[in-house]
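*Asks:* So here's start.csv (CSV, C-alpha atoms).
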chain,number,residue,atom,x,y,z
A,77,MET,CA,-26.0,16.5,139.2
A,78,GLN,CA,-23.1,18.9,139.9
A,79,VAL,CA,-19.5,17.7,139.2
A,80,THR,CA,-16.2,19.5,139.8
A,81,VAL,CA,-13.3,18.2,137.7
A,82,THR,CA,-9.8,19.5,137.4
A,83,VAL,CA,-8.9,19.4,133.7
A,84,ASN,CA,-5.4,20.3,132.7
A,85,GLY,CA,-4.9,22.0,136.0
A,86,GLU,CA,-8.0,24.1,135.9
A,87,GLU,CA,-11.0,23.4,138.0
A,88,HIS,CA,-14.4,23.2,136.3
A,89,THR,CA,-17.8,22.8,137.9
A,90,ARG,CA,-20.8,21.9,135.8
A,91,ASP,CA,-24.3,20.5,136.1
A,92,VAL,CA,-24.4,17.3,134.1
A,93,ASP,CA,-26.8,14.4,133.4
A,94,PRO,CA,-25.7,11.4,135.4
A,95,ARG,CA,-25.4,9.4,132.2
A,96,LEU,CA,-23.1,11.9,130.4
A,97,LEU,CA,-19.8,10.3,129.3
A,98,LEU,CA,-16.6,12.0,130.1
A,99,VAL,CA,-15.7,12.3,126.4
A,100,HIS,CA,-18.9,14.4,125.9
A,101,PHE,CA,-18.3,16.4,129.1
A,102,LEU,CA,-14.8,17.3,127.8
A,103,ARG,CA,-15.9,18.1,124.2
A,104,ASP,CA,-19.4,19.6,124.7
A,105,GLN,CA,-19.2,21.2,128.2
A,106,LEU,CA,-15.6,22.3,128.2
A,107,GLY,CA,-14.9,22.7,124.5
A,108,LEU,CA,-11.8,20.5,124.6
A,109,THR,CA,-12.2,18.9,121.2
A,110,GLY,CA,-8.8,17.3,121.1
A,111,THR,CA,-10.3,14.3,122.8
A,112,HIS,CA,-12.0,12.4,120.0
A,113,TRP,CA,-15.0,10.2,120.0
A,114,GLY,CA,-14.7,7.1,117.9
A,115,CYS,CA,-16.3,3.7,118.3
A,116,ASP,CA,-18.3,4.3,121.5
A,117,THR,CA,-17.3,0.8,122.6
A,118,SER,CA,-13.8,1.3,124.0
A,119,ASN,CA,-12.2,-0.6,121.1
A,120,CYS,CA,-10.4,2.2,119.2
A,121,GLY,CA,-8.8,4.3,122.0
A,122,VAL,CA,-9.2,7.6,120.3
A,123,CYS,CA,-10.9,9.0,123.4
A,124,THR,CA,-8.0,8.2,125.7
A,125,VAL,CA,-7.4,10.8,128.5
A,126,TRP,CA,-5.7,10.6,131.8
A,127,LEU,CA,-7.8,10.2,135.0
A,128,ASP,CA,-5.6,10.8,138.0
A,129,GLU,CA,-2.5,10.2,136.0
A,130,VAL,CA,-3.8,6.9,134.4
A,131,PRO,CA,-4.8,6.5,130.8
A,132,VAL,CA,-8.5,5.7,130.5
A,133,LYS,CA,-10.9,5.5,127.6
A,134,SER,CA,-13.3,8.4,128.2
A,135,CYS,CA,-16.1,6.8,126.3
A,136,THR,CA,-16.4,4.3,129.2
A,137,VAL,CA,-16.2,6.7,132.1
A,138,LEU,CA,-19.1,8.8,133.2
A,139,ALA,CA,-18.5,12.4,133.9
A,140,VAL,CA,-19.8,11.9,137.5
A,141,MET,CA,-17.1,9.3,138.0
A,142,ALA,CA,-14.5,12.1,137.4
A,143,ASP,CA,-16.0,14.3,140.1
A,144,GLY,CA,-13.2,15.4,142.4
A,145,HIS,CA,-10.5,14.0,140.2
A,146,ALA,CA,-7.9,15.3,137.8
A,147,VAL,CA,-8.2,14.8,134.0
A,148,ARG,CA,-5.5,15.5,131.5
A,149,THR,CA,-6.3,15.9,127.8
A,150,VAL,CA,-4.1,16.4,124.8
A,151,GLU,CA,-4.5,20.1,125.2
A,152,GLY,CA,-2.7,19.7,128.5
A,153,LEU,CA,0.5,18.3,127.0
A,154,GLU,CA,2.1,21.5,125.9
A,155,ARG,CA,3.4,23.8,128.7
A,156,ASN,CA,3.8,27.5,128.4
A,157,GLY,CA,3.6,27.4,124.6
A,158,VAL,CA,6.3,24.6,124.3
A,159,LEU,CA,5.3,21.3,122.8
A,160,ASP,CA,5.8,18.2,124.9
A,161,PRO,CA,8.6,16.0,123.4
A,162,VAL,CA,5.9,13.5,122.4
A,163,GLN,CA,4.0,16.1,120.4
A,164,GLU,CA,7.3,17.2,118.8
A,165,GLY,CA,8.2,13.6,118.0
A,166,PHE,CA,4.9,13.2,116.1
A,167,VAL,CA,5.7,16.2,114.1
A,168,GLN,CA,9.4,15.3,113.4
A,169,CYS,CA,8.7,11.6,112.6
A,170,HIS,CA,5.3,12.0,110.8
A,171,GLY,CA,3.5,10.0,113.5
A,172,LEU,CA,0.1,11.2,112.3
A,173,GLN,CA,-1.8,11.0,109.0
A,174,CYS,CA,-5.4,12.0,109.5
A,175,GLY,CA,-4.8,12.8,113.1
A,176,PHE,CA,-7.9,11.1,114.5
A,177,CYS,CA,-6.0,8.7,116.8
A,178,THR,CA,-3.2,11.1,117.5
A,179,PRO,CA,-4.4,12.6,120.8
A,180,GLY,CA,-5.0,9.2,122.4
A,181,MET,CA,-1.7,7.9,121.1
A,182,MET,CA,0.2,11.0,122.4
A,183,LEU,CA,-1.3,10.7,125.9
A,184,THR,CA,-0.5,6.9,126.0
A,185,ALA,CA,3.0,7.6,124.8
A,186,ARG,CA,3.5,10.3,127.5
A,187,TRP,CA,2.3,7.9,130.2
A,188,LEU,CA,4.7,5.3,128.9
A,189,LEU,CA,7.7,7.6,128.9
A,190,ASP,CA,6.8,8.9,132.3
A,191,HIS,CA,7.0,5.3,133.6
A,192,ASN,CA,9.7,3.9,131.2
A,193,PRO,CA,11.9,6.7,129.8
A,194,ASP,CA,13.7,4.3,127.4
A,195,PRO,CA,11.2,1.8,126.1
A,196,SER,CA,12.0,-0.7,123.4
A,197,GLU,CA,10.0,-0.9,120.2
A,198,GLU,CA,8.1,-3.9,121.6
A,199,GLN,CA,7.2,-2.0,124.8
A,200,ILE,CA,6.0,1.0,122.7
A,201,ARG,CA,3.9,-1.3,120.5
A,202,GLU,CA,2.4,-3.0,123.6
A,203,ALA,CA,1.6,0.4,125.2
A,204,ILE,CA,-0.3,1.7,122.1
A,205,SER,CA,-2.0,-1.6,121.4
A,206,GLY,CA,-5.2,-0.4,122.9
A,207,GLN,CA,-5.5,2.3,120.2
A,208,SER,CA,-6.4,1.8,116.5
A,209,CYS,CA,-4.8,3.7,113.7
A,210,ARG,CA,-6.1,3.0,110.3
A,211,CYS,CA,-3.6,5.2,108.4
A,212,THR,CA,0.0,4.7,109.4
A,213,GLY,CA,0.6,1.0,110.1
A,214,TYR,CA,2.1,2.2,113.5
A,215,GLU,CA,5.8,2.4,112.2
A,216,ASN,CA,5.9,6.2,112.3
A,217,ILE,CA,4.1,6.3,115.6
A,218,VAL,CA,6.7,4.0,117.2
A,219,ARG,CA,9.5,6.2,115.7
A,220,SER,CA,7.8,9.3,117.1
A,221,VAL,CA,7.7,7.8,120.6
A,222,ARG,CA,11.4,6.7,120.3
A,223,TRP,CA,12.2,10.3,119.2
A,224,ALA,CA,10.4,11.7,122.2
A,225,ALA,CA,12.2,9.2,124.5
A,226,GLU,CA,15.6,10.3,123.1
A,227,HIS,CA,14.8,14.0,123.4
A,228,SER,CA,13.1,13.8,126.8
A,229,THR,CA,16.3,12.2,128.2
A,230,VAL,CA,18.4,15.0,126.6
A,231,GLU,CA,16.1,17.7,128.0
A,232,ALA,CA,16.1,16.1,131.4
A,233,THR,CA,19.9,16.0,131.6
A,234,SER,CA,20.5,19.5,130.1
Spell out the structure here as structure tokens.
*Replies:*
Amino acid sequence: MQVTVTVNGEEHTRDVDPRLLLVHFLRDQLGLTGTHWGCDTSNCGVCTVWLDEVPVKSCTVLAVMADGHAVRTVEGLERNGVLDPVQEGFVQCHGLQCGFCTPGMMLTARWLLDHNPDPSEEQIREAISGQSCRCTGYENIVRSVRWAAEHSTVEATS
């Protein structure tokens, strides 16, 4: 079955098996390995991407369901060689350890900040509650998102 998906602003057309999961389409067909594949049951959230501007777990979405839609992966966060404030926040505040959950966390954080530019710690924790991190205990992830919120606001007003 042929699908056409716009990924990070670039249109891709491929022939796919109707049972192919979006996570495998992104990784295996397009070579976008920033989207990780974890539990295969939608529990861990490491496969989170945006589908039409909404975070989804790509291990529960068939590639054919994305036909004609827009997908954003972690590779699409930086613009013209400049890291997104969320990416920079994870660097500045040590929001990652092994990095396995990081792409999904970053995309969820970007979505949160796009909808709530000044979230509380509780709101950040709620937003990322669909993702599992086995390394950090979440404290540095929350700090990273707060850093991004503070610096996104500064950049927007500059």
*Asks:* Tell me, in Å to one decimal, how far atom CA of A:Thr80 is from atom CA of A:Gln207.
*Replies:*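 According to the coordinates, atom CA of A:Thr80 and atom CA of A:Gln207 are separated by 28.2 Å.
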*Asks:* Name all residues at most 7 Å from A:Asp91 (count all atoms listed in the file; drop same-chain ones fewer than 4 positions away) and give them as JSON, numbers by chain.
*Replies:* {"A": [77, 78, 79]}
*Asks:* Quick one: residues within 12 Å of A:Gly175, only C-alpha atoms counted, chain neighbours fewer than 6 positions away excluded, as a PyMOL selection string?
*Replies:* chain A and resi 110-112+122+163+166-167+181-182+208-212+217
*Asks:* Enter the distance from atom CA of A:Gly180 to atom CA of A:Leu106, in Å, rounded to one decimal.
*Replies:*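 These two atoms are separated by 17.8 Å.
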*Asks:* Using only C-alpha atoms, which protein or nucleic acid residues come within 7 Å of stretch 123-128 of chain A? Drop anything in the same chain fewer than 2 positions from it, and give the result as a PyMOL selection string.
*Replies:* chain A and resi 99+111-114+121+130-135+145-149+180+183
*Asks:* How many Å separate atom CA of A:Asp194 from atom CA of A:Pro161?
*Replies:*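 Distance between the two atoms: 13.4 Å.
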*Asks:* Calculated over all atoms listed in the file, which of the candidates A:Glu129, A:Asp93, A:Glu226, A:Glu197 has the smallest distance to A:Val162?
*Replies:*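 Checking each of A:Glu129, A:Asp93, A:Glu226, A:Glu197 against A:Val162, counting all atoms listed in the file, the winner is A:Glu226.
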*Asks:* Using only C-alpha atoms, can you list as a list in words the residues within 9 Å of (5.9, 5.8, 112.9)?
*Replies:* Phe166, Cys169, His170, Gly171, Leu172, Thr212, Gly213, Tyr214, Glu215, Asn216, Ile217, Val218, Arg219, Ser220 and Val221 of chain A
*Asks:* Residues near A:Val137, anyone? I mean within 7 Å using only C-alpha atoms, not counting same-chain ones fewer than 4 positions away, as a ChimeraX atom specification.
*Replies:* /A:97-98,141
*Asks:* For A:Pro193, please output as a list of chain:residue names all residues within 9 Å (counting all atoms listed in the file; exclusion window: fewer than 3 positions along the same chain).
*Replies:*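 Residues near the query, excluding close chain neighbours: A:Leu188, A:Leu189, A:Asp190, A:Ala225, A:Glu226, A:Ser228, A:Thr229.
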*Asks:* I'd like to know which of A:Leu96, A:His88, A:Thr178, A:Ala224 is closest to A:Gly165, using all atoms listed in the file.
*Replies:*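 Using all atoms listed in the file, the shortest distance to A:Gly165 belongs to A:Ala224.
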*Asks:* Because the input lacks atoms here, generate N, CA and C atoms for stretch 204-233 of chain A and report them as a CSV table (one decimal), in the frame of the given file.
*Replies:*
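The resulting file, selection24.csv, is shown below:
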chain,number,residue,atom,x,y,z
A,204,ILE,N,0.7,1.1,123.0
A,204,ILE,CA,-0.3,1.7,122.1
A,204,ILE,C,-1.2,0.6,121.6
A,205,SER,N,-1.1,-0.6,122.0
A,205,SER,CA,-2.0,-1.6,121.4
A,205,SER,C,-3.4,-1.5,121.7
A,206,GLY,N,-3.8,-0.6,122.6
A,206,GLY,CA,-5.2,-0.4,122.9
A,206,GLY,C,-5.8,0.7,122.0
A,207,GLN,N,-5.0,1.2,121.1
A,207,GLN,CA,-5.5,2.3,120.2
A,207,GLN,C,-5.4,1.8,118.7
A,208,SER,N,-6.4,2.2,117.9
A,208,SER,CA,-6.4,1.8,116.5
A,208,SER,C,-6.0,3.0,115.7
A,209,CYS,N,-5.1,2.7,114.7
A,209,CYS,CA,-4.8,3.7,113.7
A,209,CYS,C,-5.0,3.1,112.4
A,210,ARG,N,-5.8,3.7,111.6
A,210,ARG,CA,-6.1,3.0,110.3
A,210,ARG,C,-5.3,3.6,109.2
A,211,CYS,N,-4.4,4.5,109.5
A,211,CYS,CA,-3.6,5.2,108.4
A,211,CYS,C,-2.2,4.8,108.3
A,212,THR,N,-1.5,4.7,109.5
A,212,THR,CA,0.0,4.7,109.4
A,212,THR,C,0.6,3.3,109.5
A,213,GLY,N,0.0,2.3,109.9
A,213,GLY,CA,0.6,1.0,110.1
A,213,GLY,C,1.5,1.0,111.4
A,214,TYR,N,1.5,2.1,112.2
A,214,TYR,CA,2.1,2.2,113.5
A,214,TYR,C,3.6,2.5,113.4
A,215,GLU,N,4.3,2.3,112.3
A,215,GLU,CA,5.8,2.4,112.2
A,215,GLU,C,6.2,3.8,112.6
A,216,ASN,N,5.6,4.8,112.0
A,216,ASN,CA,5.9,6.2,112.3
A,216,ASN,C,5.5,6.6,113.7
A,217,ILE,N,4.5,6.0,114.2
A,217,ILE,CA,4.1,6.3,115.6
A,217,ILE,C,5.2,5.8,116.6
A,218,VAL,N,5.6,4.6,116.3
A,218,VAL,CA,6.7,4.0,117.2
A,218,VAL,C,8.0,4.9,117.1
A,219,ARG,N,8.3,5.3,115.9
A,219,ARG,CA,9.5,6.2,115.7
A,219,ARG,C,9.3,7.5,116.4
A,220,SER,N,8.1,8.0,116.4
A,220,SER,CA,7.8,9.3,117.1
A,220,SER,C,8.0,9.1,118.6
A,221,VAL,N,7.6,8.0,119.2
A,221,VAL,CA,7.7,7.8,120.6
A,221,VAL,C,9.2,7.6,120.9
A,222,ARG,N,9.9,6.9,120.1
A,222,ARG,CA,11.4,6.7,120.3
A,222,ARG,C,12.1,8.1,120.3
A,223,TRP,N,11.7,8.9,119.3
A,223,TRP,CA,12.2,10.3,119.2
A,223,TRP,C,12.0,11.0,120.5
A,224,ALA,N,10.8,11.0,121.0
A,224,ALA,CA,10.4,11.7,122.2
A,224,ALA,C,11.2,11.1,123.4
A,225,ALA,N,11.4,9.8,123.4
A,225,ALA,CA,12.2,9.2,124.5
A,225,ALA,C,13.7,9.7,124.5
A,226,GLU,N,14.2,9.8,123.3
A,226,GLU,CA,15.6,10.3,123.1
A,226,GLU,C,15.7,11.7,123.5
A,227,HIS,N,14.7,12.5,123.1
A,227,HIS,CA,14.8,14.0,123.4
A,227,HIS,C,14.3,14.3,124.8
A,228,SER,N,13.5,13.5,125.4
A,228,SER,CA,13.1,13.8,126.8
A,228,SER,C,14.3,13.5,127.7
A,229,THR,N,15.1,12.5,127.4
A,229,THR,CA,16.3,12.2,128.2
A,229,THR,C,17.3,13.4,128.0
A,230,VAL,N,17.5,13.9,126.8
A,230,VAL,CA,18.4,15.0,126.6
A,230,VAL,C,18.0,16.2,127.4
A,231,GLU,N,16.7,16.5,127.3
A,231,GLU,CA,16.1,17.7,128.0
A,231,GLU,C,16.3,17.5,129.5
A,232,ALA,N,16.1,16.3,130.0
A,232,ALA,CA,16.1,16.1,131.4
A,232,ALA,C,17.5,16.3,132.0
A,233,THR,N,18.5,16.0,131.1
A,233,THR,CA,19.9,16.0,131.6
A,233,THR,C,20.6,17.4,131.3
